[in-house]
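Shown next: run-v8.tsv, containing TSV, N, CA, C and O atoms.
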chain	number	residue	atom	x	y	z
A	1	PRO	N	79.34	116.73	105.92
A	1	PRO	CA	79.33	115.78	107.01
A	1	PRO	C	78.03	115.82	107.82
A	1	PRO	O	77.40	116.87	107.90
A	2	PHE	N	77.68	114.67	108.40
A	2	PHE	CA	76.52	114.63	109.30
A	2	PHE	C	76.81	115.50	110.52
A	2	PHE	O	77.90	115.47	111.06
A	3	THR	N	75.82	116.26	110.94
A	3	THR	CA	75.98	117.13	112.12
A	3	THR	C	75.11	116.68	113.28
A	3	THR	O	75.20	117.24	114.36
A	4	LYS	N	74.26	115.66	113.03
A	4	LYS	CA	73.41	115.13	114.08
A	4	LYS	C	73.88	113.72	114.43
A	4	LYS	O	74.91	113.25	113.94
A	5	LYS	N	73.12	113.03	115.25
A	5	LYS	CA	73.49	111.68	115.71
A	5	LYS	C	73.69	110.72	114.53
A	5	LYS	O	72.94	110.76	113.56
A	6	VAL	N	74.68	109.85	114.67
A	6	VAL	CA	74.92	108.81	113.67
A	6	VAL	C	75.11	107.47	114.37
A	6	VAL	O	75.50	107.41	115.54
A	7	ALA	N	74.85	106.41	113.64
A	7	ALA	CA	75.07	105.05	114.14
A	7	ALA	C	75.97	104.31	113.16
A	7	ALA	O	75.77	104.41	111.95
A	8	ILE	N	76.95	103.63	113.69
A	8	ILE	CA	77.76	102.75	112.85
A	8	ILE	C	77.07	101.40	112.86
A	8	ILE	O	77.05	100.70	113.88
A	9	GLU	N	76.45	101.07	111.74
A	9	GLU	CA	75.67	99.84	111.62
A	9	GLU	C	76.57	98.62	111.43
A	9	GLU	O	76.25	97.52	111.87
A	10	GLN	N	77.68	98.83	110.73
A	10	GLN	CA	78.59	97.71	110.47
A	10	GLN	C	79.98	98.26	110.16
A	10	GLN	O	80.11	99.28	109.48
A	11	MET	N	80.99	97.61	110.71
A	11	MET	CA	82.38	97.97	110.42
A	11	MET	C	83.16	96.66	110.37
A	11	MET	O	83.26	95.95	111.36
A	12	ILE	N	83.68	96.35	109.19
A	12	ILE	CA	84.41	95.10	109.01
A	12	ILE	C	85.81	95.43	108.49
A	12	ILE	O	85.96	96.17	107.53
A	13	PHE	N	86.81	94.85	109.13
A	13	PHE	CA	88.20	95.00	108.71
A	13	PHE	C	88.64	93.68	108.09
A	13	PHE	O	88.57	92.63	108.73
A	14	PHE	N	89.06	93.72	106.84
A	14	PHE	CA	89.46	92.52	106.10
A	14	PHE	C	90.98	92.46	105.98
A	14	PHE	O	91.61	93.44	105.59
A	15	PHE	N	91.55	91.30	106.26
A	15	PHE	CA	92.99	91.08	106.18
A	15	PHE	C	93.28	89.88	105.27
A	15	PHE	O	92.49	88.94	105.19
A	16	TYR	N	94.46	89.90	104.61
A	16	TYR	CA	94.89	88.76	103.82
A	16	TYR	C	94.96	87.51	104.69
A	16	TYR	O	95.36	87.60	105.86
A	17	PRO	N	94.61	86.35	104.14
A	17	PRO	CA	94.74	85.09	104.89
A	17	PRO	C	96.21	84.80	105.22
A	17	PRO	O	97.12	85.24	104.52
A	18	LEU	N	96.40	84.04	106.28
A	18	LEU	CA	97.74	83.63	106.67
A	18	LEU	C	98.29	82.57	105.72
A	18	LEU	O	97.53	81.78	105.16
A	19	LYS	N	99.60	82.53	105.57
A	19	LYS	CA	100.23	81.53	104.71
A	19	LYS	C	100.02	80.12	105.25
A	19	LYS	O	100.07	79.15	104.50
A	20	SER	N	99.76	80.02	106.53
A	20	SER	CA	99.58	78.70	107.16
A	20	SER	C	98.16	78.14	106.98
A	20	SER	O	97.89	77.02	107.39
A	21	PHE	N	97.26	78.89	106.36
A	21	PHE	CA	95.89	78.40	106.18
A	21	PHE	C	95.86	77.19	105.25
A	21	PHE	O	96.62	77.11	104.29
A	22	THR	N	94.95	76.29	105.53
A	22	THR	CA	94.78	75.10	104.69
A	22	THR	C	94.03	75.49	103.42
A	22	THR	O	93.42	76.55	103.33
A	23	LYS	N	94.06	74.58	102.45
A	23	LYS	CA	93.31	74.81	101.21
A	23	LYS	C	91.82	74.96	101.50
A	23	LYS	O	91.14	75.78	100.89
A	24	LYS	N	91.32	74.19	102.46
A	24	LYS	CA	89.90	74.25	102.84
A	24	LYS	C	89.57	75.63	103.43
A	24	LYS	O	88.53	76.21	103.10
A	25	GLN	N	90.42	76.14	104.31
A	25	GLN	CA	90.19	77.47	104.89
A	25	GLN	C	90.19	78.54	103.80
A	25	GLN	O	89.33	79.42	103.79
A	26	LEU	N	91.15	78.45	102.88
A	26	LEU	CA	91.22	79.42	101.79
A	26	LEU	C	90.00	79.33	100.88
A	26	LEU	O	89.48	80.34	100.43
A	27	GLU	N	89.53	78.11	100.64
A	27	GLU	CA	88.34	77.90	99.83
A	27	GLU	C	87.11	78.52	100.50
A	27	GLU	O	86.31	79.18	99.86
A	28	ASN	N	86.98	78.30	101.82
A	28	ASN	CA	85.86	78.88	102.56
A	28	ASN	C	85.89	80.41	102.49
A	28	ASN	O	84.86	81.06	102.30
A	29	ILE	N	87.07	80.99	102.65
A	29	ILE	CA	87.21	82.44	102.57
A	29	ILE	C	86.85	82.93	101.17
A	29	ILE	O	86.14	83.92	101.01
A	30	SER	N	87.31	82.22	100.16
A	30	SER	CA	87.00	82.60	98.78
A	30	SER	C	85.50	82.54	98.50
A	30	SER	O	84.98	83.28	97.68
A	31	ASN	N	84.80	81.64	99.20
A	31	ASN	CA	83.35	81.49	99.03
A	31	ASN	C	82.55	82.45	99.90
A	31	ASN	O	81.34	82.34	99.99
A	32	GLY	N	83.24	83.37	100.57
A	32	GLY	CA	82.55	84.39	101.33
A	32	GLY	C	82.27	84.06	102.79
A	32	GLY	O	81.56	84.82	103.46
A	33	GLN	N	82.79	82.95	103.28
A	33	GLN	CA	82.60	82.62	104.69
A	33	GLN	C	83.63	83.37	105.52
A	33	GLN	O	84.81	83.38	105.20
A	34	TYR	N	83.15	84.01	106.57
A	34	TYR	CA	84.06	84.77	107.43
A	34	TYR	C	84.89	83.86	108.31
A	34	TYR	O	84.37	82.96	108.95
A	35	GLN	N	86.19	84.08	108.30
A	35	GLN	CA	87.10	83.43	109.24
A	35	GLN	C	87.61	84.57	110.11
A	35	GLN	O	88.39	85.42	109.66
A	36	LEU	N	87.13	84.62	111.35
A	36	LEU	CA	87.47	85.74	112.22
A	36	LEU	C	88.95	85.75	112.58
A	36	LEU	O	89.57	84.71	112.75
A	37	LYS	N	89.50	86.94	112.68
A	37	LYS	CA	90.92	87.13	112.99
A	37	LYS	C	91.06	87.42	114.48
A	37	LYS	O	90.43	88.33	115.00
A	38	ASP	N	91.89	86.63	115.16
A	38	ASP	CA	92.05	86.80	116.61
A	38	ASP	C	93.47	87.20	117.00
A	38	ASP	O	93.92	86.96	118.11
A	39	THR	N	94.18	87.82	116.07
A	39	THR	CA	95.53	88.30	116.35
A	39	THR	C	95.58	89.81	116.14
A	39	THR	O	94.60	90.42	115.73
A	40	ARG	N	96.72	90.40	116.42
A	40	ARG	CA	96.89	91.84	116.25
A	40	ARG	C	96.69	92.24	114.80
A	40	ARG	O	96.90	91.42	113.93
A	41	PRO	N	96.28	93.46	114.54
A	41	PRO	CA	96.03	94.55	115.45
A	41	PRO	C	94.73	94.37	116.23
A	41	PRO	O	93.81	93.69	115.77
A	42	ASP	N	94.66	94.99	117.40
A	42	ASP	CA	93.48	94.88	118.25
A	42	ASP	C	92.29	95.57	117.60
A	42	ASP	O	92.42	96.65	117.01
A	43	LEU	N	91.13	94.97	117.76
A	43	LEU	CA	89.91	95.50	117.15
A	43	LEU	C	89.59	96.90	117.66
A	43	LEU	O	89.21	97.77	116.88
A	44	ASP	N	89.77	97.14	118.95
A	44	ASP	CA	89.43	98.46	119.48
A	44	ASP	C	90.33	99.55	118.89
A	44	ASP	O	89.88	100.67	118.65
A	45	ASN	N	91.58	99.22	118.60
A	45	ASN	CA	92.48	100.20	117.97
A	45	ASN	C	92.08	100.47	116.52
A	45	ASN	O	92.11	101.62	116.06
A	46	LEU	N	91.71	99.42	115.79
A	46	LEU	CA	91.26	99.59	114.41
A	46	LEU	C	90.00	100.46	114.37
A	46	LEU	O	89.89	101.38	113.55
A	47	GLU	N	89.07	100.15	115.26
A	47	GLU	CA	87.81	100.88	115.32
A	47	GLU	C	88.06	102.36	115.63
A	47	GLU	O	87.50	103.25	114.98
A	48	LYS	N	88.89	102.64	116.61
A	48	LYS	CA	89.19	104.02	117.00
A	48	LYS	C	89.82	104.79	115.85
A	48	LYS	O	89.45	105.92	115.56
A	49	ASN	N	90.80	104.17	115.18
A	49	ASN	CA	91.45	104.83	114.05
A	49	ASN	C	90.48	105.13	112.92
A	49	ASN	O	90.52	106.20	112.33
A	50	ALA	N	89.59	104.18	112.62
A	50	ALA	CA	88.60	104.38	111.56
A	50	ALA	C	87.65	105.52	111.93
A	50	ALA	O	87.35	106.38	111.10
A	51	CYS	N	87.19	105.55	113.18
A	51	CYS	CA	86.28	106.61	113.63
A	51	CYS	C	86.98	107.97	113.60
A	51	CYS	O	86.39	108.96	113.17
A	52	ASP	N	88.23	108.01	114.03
A	52	ASP	CA	88.99	109.26	114.00
A	52	ASP	C	89.20	109.74	112.56
A	52	ASP	O	89.12	110.94	112.27
A	53	PHE	N	89.47	108.82	111.66
A	53	PHE	CA	89.70	109.17	110.26
A	53	PHE	C	88.46	109.81	109.64
A	53	PHE	O	88.56	110.74	108.84
A	54	MET	N	87.28	109.32	110.00
A	54	MET	CA	86.03	109.84	109.42
A	54	MET	C	85.60	111.16	110.05
A	54	MET	O	84.71	111.84	109.53
A	55	ASN	N	86.26	111.55	111.14
A	55	ASN	CA	85.94	112.77	111.86
A	55	ASN	C	86.13	113.98	110.93
A	55	ASN	O	87.19	114.17	110.36
A	56	GLY	N	85.08	114.78	110.76
A	56	GLY	CA	85.14	115.95	109.90
A	56	GLY	C	84.89	115.65	108.44
A	56	GLY	O	84.75	116.56	107.63
A	57	ILE	N	84.84	114.37	108.07
A	57	ILE	CA	84.58	113.98	106.68
A	57	ILE	C	83.19	113.38	106.56
A	57	ILE	O	82.37	113.84	105.76
A	58	ILE	N	82.91	112.35	107.35
A	58	ILE	CA	81.60	111.68	107.32
A	58	ILE	C	80.66	112.32	108.34
A	58	ILE	O	79.48	112.47	108.10
A	59	TYR	N	81.18	112.67	109.49
A	59	TYR	CA	80.40	113.34	110.53
A	59	TYR	C	81.24	114.49	111.08
A	59	TYR	O	82.47	114.49	110.97
A	60	SER	N	80.55	115.48	111.64
A	60	SER	CA	81.25	116.68	112.10
A	60	SER	C	82.19	116.41	113.27
A	60	SER	O	83.22	117.06	113.41
A	61	ASP	N	81.84	115.43	114.11
A	61	ASP	CA	82.67	115.08	115.27
A	61	ASP	C	82.34	113.67	115.68
A	61	ASP	O	81.17	113.27	115.62
A	62	ASP	N	83.34	112.87	116.09
A	62	ASP	CA	83.05	111.48	116.46
A	62	ASP	C	82.22	111.37	117.73
A	62	ASP	O	81.71	110.31	118.06
A	63	GLY	N	82.00	112.48	118.42
A	63	GLY	CA	81.07	112.50	119.55
A	63	GLY	C	79.64	112.32	119.10
A	63	GLY	O	78.75	112.02	119.91
A	64	LYS	N	79.38	112.48	117.79
A	64	LYS	CA	78.02	112.30	117.23
A	64	LYS	C	77.65	110.82	117.12
A	64	LYS	O	76.51	110.49	116.88
A	65	ILE	N	78.62	109.92	117.27
A	65	ILE	CA	78.34	108.48	117.19
A	65	ILE	C	77.60	108.07	118.47
A	65	ILE	O	78.12	108.22	119.57
A	66	VAL	N	76.38	107.58	118.31
A	66	VAL	CA	75.58	107.20	119.47
A	66	VAL	C	75.42	105.68	119.61
A	66	VAL	O	74.97	105.19	120.64
A	67	ARG	N	75.77	104.94	118.55
A	67	ARG	CA	75.60	103.48	118.60
A	67	ARG	C	76.58	102.83	117.62
A	67	ARG	O	76.85	103.36	116.56
A	68	LYS	N	77.08	101.67	118.02
A	68	LYS	CA	77.95	100.87	117.15
A	68	LYS	C	77.47	99.43	117.20
A	68	LYS	O	77.22	98.89	118.27
A	69	ASN	N	77.33	98.82	116.04
A	69	ASN	CA	76.87	97.43	115.94
A	69	ASN	C	77.75	96.66	114.96
A	69	ASN	O	78.31	97.24	114.03
A	70	ASN	N	77.84	95.37	115.16
A	70	ASN	CA	78.41	94.46	114.18
A	70	ASN	C	79.80	94.89	113.71
A	70	ASN	O	80.01	95.14	112.54
A	71	ILE	N	80.74	94.96	114.62
A	71	ILE	CA	82.11	95.35	114.31
A	71	ILE	C	83.03	94.15	114.52
A	71	ILE	O	83.03	93.57	115.60
A	72	PHE	N	83.76	93.78	113.46
A	72	PHE	CA	84.66	92.63	113.60
A	72	PHE	C	85.78	92.70	112.58
A	72	PHE	O	85.77	93.53	111.67
A	73	LYS	N	86.77	91.81	112.75
A	73	LYS	CA	87.88	91.70	111.81
A	73	LYS	C	87.95	90.25	111.35
A	73	LYS	O	87.69	89.32	112.11
A	74	CYS	N	88.26	90.07	110.08
A	74	CYS	CA	88.30	88.73	109.52
A	74	CYS	C	89.28	88.68	108.35
A	74	CYS	O	89.84	89.70	107.96
A	75	TYR	N	89.45	87.48	107.81
A	75	TYR	CA	90.33	87.28	106.67
A	75	TYR	C	89.53	87.33	105.39
A	75	TYR	O	88.36	86.93	105.34
A	76	SER	N	90.18	87.81	104.32
A	76	SER	CA	89.52	87.92	103.03
A	76	SER	C	90.58	87.91	101.93
A	76	SER	O	91.73	88.28	102.16
A	77	MET	N	90.18	87.49	100.75
A	77	MET	CA	91.09	87.55	99.60
A	77	MET	C	91.25	89.00	99.13
A	77	MET	O	92.16	89.31	98.38
A	78	LYS	N	90.34	89.86	99.57
A	78	LYS	CA	90.39	91.28	99.21
A	78	LYS	C	90.44	92.10	100.49
A	78	LYS	O	89.41	92.40	101.08
A	79	PRO	N	91.63	92.46	100.96
A	79	PRO	CA	91.74	93.23	102.20
A	79	PRO	C	91.15	94.62	102.05
A	79	PRO	O	91.09	95.17	100.95
A	80	GLY	N	90.72	95.18	103.15
A	80	GLY	CA	90.16	96.52	103.14
A	80	GLY	C	89.26	96.74	104.35
A	80	GLY	O	89.29	95.97	105.31
A	81	VAL	N	88.45	97.78	104.28
A	81	VAL	CA	87.54	98.13	105.36
A	81	VAL	C	86.17	98.42	104.75
A	81	VAL	O	86.08	99.10	103.72
A	82	PHE	N	85.13	97.90	105.38
A	82	PHE	CA	83.75	98.19	104.98
A	82	PHE	C	83.06	98.84	106.16
A	82	PHE	O	83.10	98.31	107.27
A	83	ILE	N	82.46	100.00	105.92
A	83	ILE	CA	81.76	100.71	107.00
A	83	ILE	C	80.40	101.15	106.49
A	83	ILE	O	80.29	101.74	105.42
A	84	LYS	N	79.38	100.84	107.26
A	84	LYS	CA	78.00	101.25	106.94
A	84	LYS	C	77.51	102.15	108.07
A	84	LYS	O	77.51	101.74	109.24
A	85	ILE	N	77.15	103.37	107.71
A	85	ILE	CA	76.72	104.36	108.71
A	85	ILE	C	75.30	104.81	108.42
A	85	ILE	O	74.92	105.02	107.26
A	86	LYS	N	74.53	104.96	109.47
A	86	LYS	CA	73.18	105.51	109.37
A	86	LYS	C	73.23	106.88	110.05
A	86	LYS	O	73.57	106.99	111.22
A	87	GLY	N	72.91	107.91	109.29
A	87	GLY	CA	73.04	109.25	109.81
A	87	GLY	C	71.73	109.95	110.08
A	87	GLY	O	70.66	109.48	109.69
A	88	GLU	N	71.85	111.07	110.77
A	88	GLU	CA	70.71	111.95	111.05
A	88	GLU	C	69.60	111.19	111.78
A	88	GLU	O	68.46	111.23	111.38
A	89	LEU	N	69.93	110.52	112.86
A	89	LEU	CA	68.95	109.76	113.64
A	89	LEU	C	67.98	110.67	114.37
A	89	LEU	O	68.30	111.70	114.82
Structure rendered as structure tokens:
Amino acid sequence: PFTKKVAIEQMIFFFYPLKSFTKKQLENISNGQYQLKDTRPDLDNLEKNACDFMNGIIYSDDGKIVRKNNIFKCYSMKPGVFIKIKGEL
């Protein structure tokens, strides 16, 4: 694990599209256009859980995080989490 300062450059949470989405919305998502999610779960809770999970694995302590950029949640045909970290600043 990183033991010095780290920056979270990007953190994206991907969720399945809603059943109520139109064909056009689904097509846009399939083509890689982000449709931001404005419903639960709250972004700050997702972010905190992800940072806590990486504690001791990616970095020695989440207190080492000195910067966070580009964090959002959106819909995708492939749900999951993408995290890009820059370490040893």
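Proximity to Glu9 (chain A) was assessed for A:Lys78, A:Asn55, A:Glu88, A:Lys68 counting only N, CA, C and O atoms; the smallest distance is recorded for A:Lys68.
Closest approach to Phe15 (chain A) among A:Asn45, A:Ser76, A:Ser60, A:Gln33 is made by A:Ser76 (distances from only C-alpha atoms).
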Write out as a list of chain:residue names the residues lying within 12 Å of Pro41 (chain A), counting only C-alpha atoms and excluding same-chain residues fewer than 3 positions away. A:Phe13, A:Phe14, A:Phe15, A:Lys37, A:Asp38, A:Asp44, A:Asn45, A:Leu46, A:Glu47, A:Lys48, A:Asn49, A:Phe72, A:Lys73, A:Cys74
Which residues come within 4.5 Å of Met11 (chain A), counting all atoms listed in the file, excluding same-chain residues fewer than 2 positions away, as a list in words?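 Contacts, in chain order: Phe13, Asn69, Asn70, Ile71, Phe72, Phe82 and Ile83 of chain A.
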Selection above as a file: N, CA, C and O atoms, as a PDB file, keeping the file's coordinate frame:
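Result written to again.pdb:
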ATOM      1  N   PHE A  13      86.810  94.850 109.130  1.00  0.00           N
ATOM      2  CA  PHE A  13      88.200  95.000 108.710  1.00  0.00           C
ATOM      3  C   PHE A  13      88.640  93.680 108.090  1.00  0.00           C
ATOM      4  O   PHE A  13      88.570  92.630 108.730  1.00  0.00           O
ATOM      5  N   ASN A  69      77.330  98.820 116.040  1.00  0.00           N
ATOM      6  CA  ASN A  69      76.870  97.430 115.940  1.00  0.00           C
ATOM      7  C   ASN A  69      77.750  96.660 114.960  1.00  0.00           C
ATOM      8  O   ASN A  69      78.310  97.240 114.030  1.00  0.00           O
ATOM      9  N   ASN A  70      77.840  95.370 115.160  1.00  0.00           N
ATOM     10  CA  ASN A  70      78.410  94.460 114.180  1.00  0.00           C
ATOM     11  C   ASN A  70      79.800  94.890 113.710  1.00  0.00           C
ATOM     12  O   ASN A  70      80.010  95.140 112.540  1.00  0.00           O
ATOM     13  N   ILE A  71      80.740  94.960 114.620  1.00  0.00           N
ATOM     14  CA  ILE A  71      82.110  95.350 114.310  1.00  0.00           C
ATOM     15  C   ILE A  71      83.030  94.150 114.520  1.00  0.00           C
ATOM     16  O   ILE A  71      83.030  93.570 115.600  1.00  0.00           O
ATOM     17  N   PHE A  72      83.760  93.780 113.460  1.00  0.00           N
ATOM     18  CA  PHE A  72      84.660  92.630 113.600  1.00  0.00           C
ATOM     19  C   PHE A  72      85.780  92.700 112.580  1.00  0.00           C
ATOM     20  O   PHE A  72      85.770  93.530 111.670  1.00  0.00           O
ATOM     21  N   PHE A  82      85.130  97.900 105.380  1.00  0.00           N
ATOM     22  CA  PHE A  82      83.750  98.190 104.980  1.00  0.00           C
ATOM     23  C   PHE A  82      83.060  98.840 106.160  1.00  0.00           C
ATOM     24  O   PHE A  82      83.100  98.310 107.270  1.00  0.00           O
ATOM     25  N   ILE A  83      82.460 100.000 105.920  1.00  0.00           N
ATOM     26  CA  ILE A  83      81.760 100.710 107.000  1.00  0.00           C
ATOM     27  C   ILE A  83      80.400 101.150 106.490  1.00  0.00           C
ATOM     28  O   ILE A  83      80.290 101.740 105.420  1.00  0.00           O
TER      29      ILE A  83
END
If I take atom C of Val6 (chain A) and atom N of Asp61 (chain A), how far is one from the other in Å, to one decimal? 10.4 Å
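You will find CA of Ile29 (chain A) at 15.9 Å from CA of Val81 (chain A).
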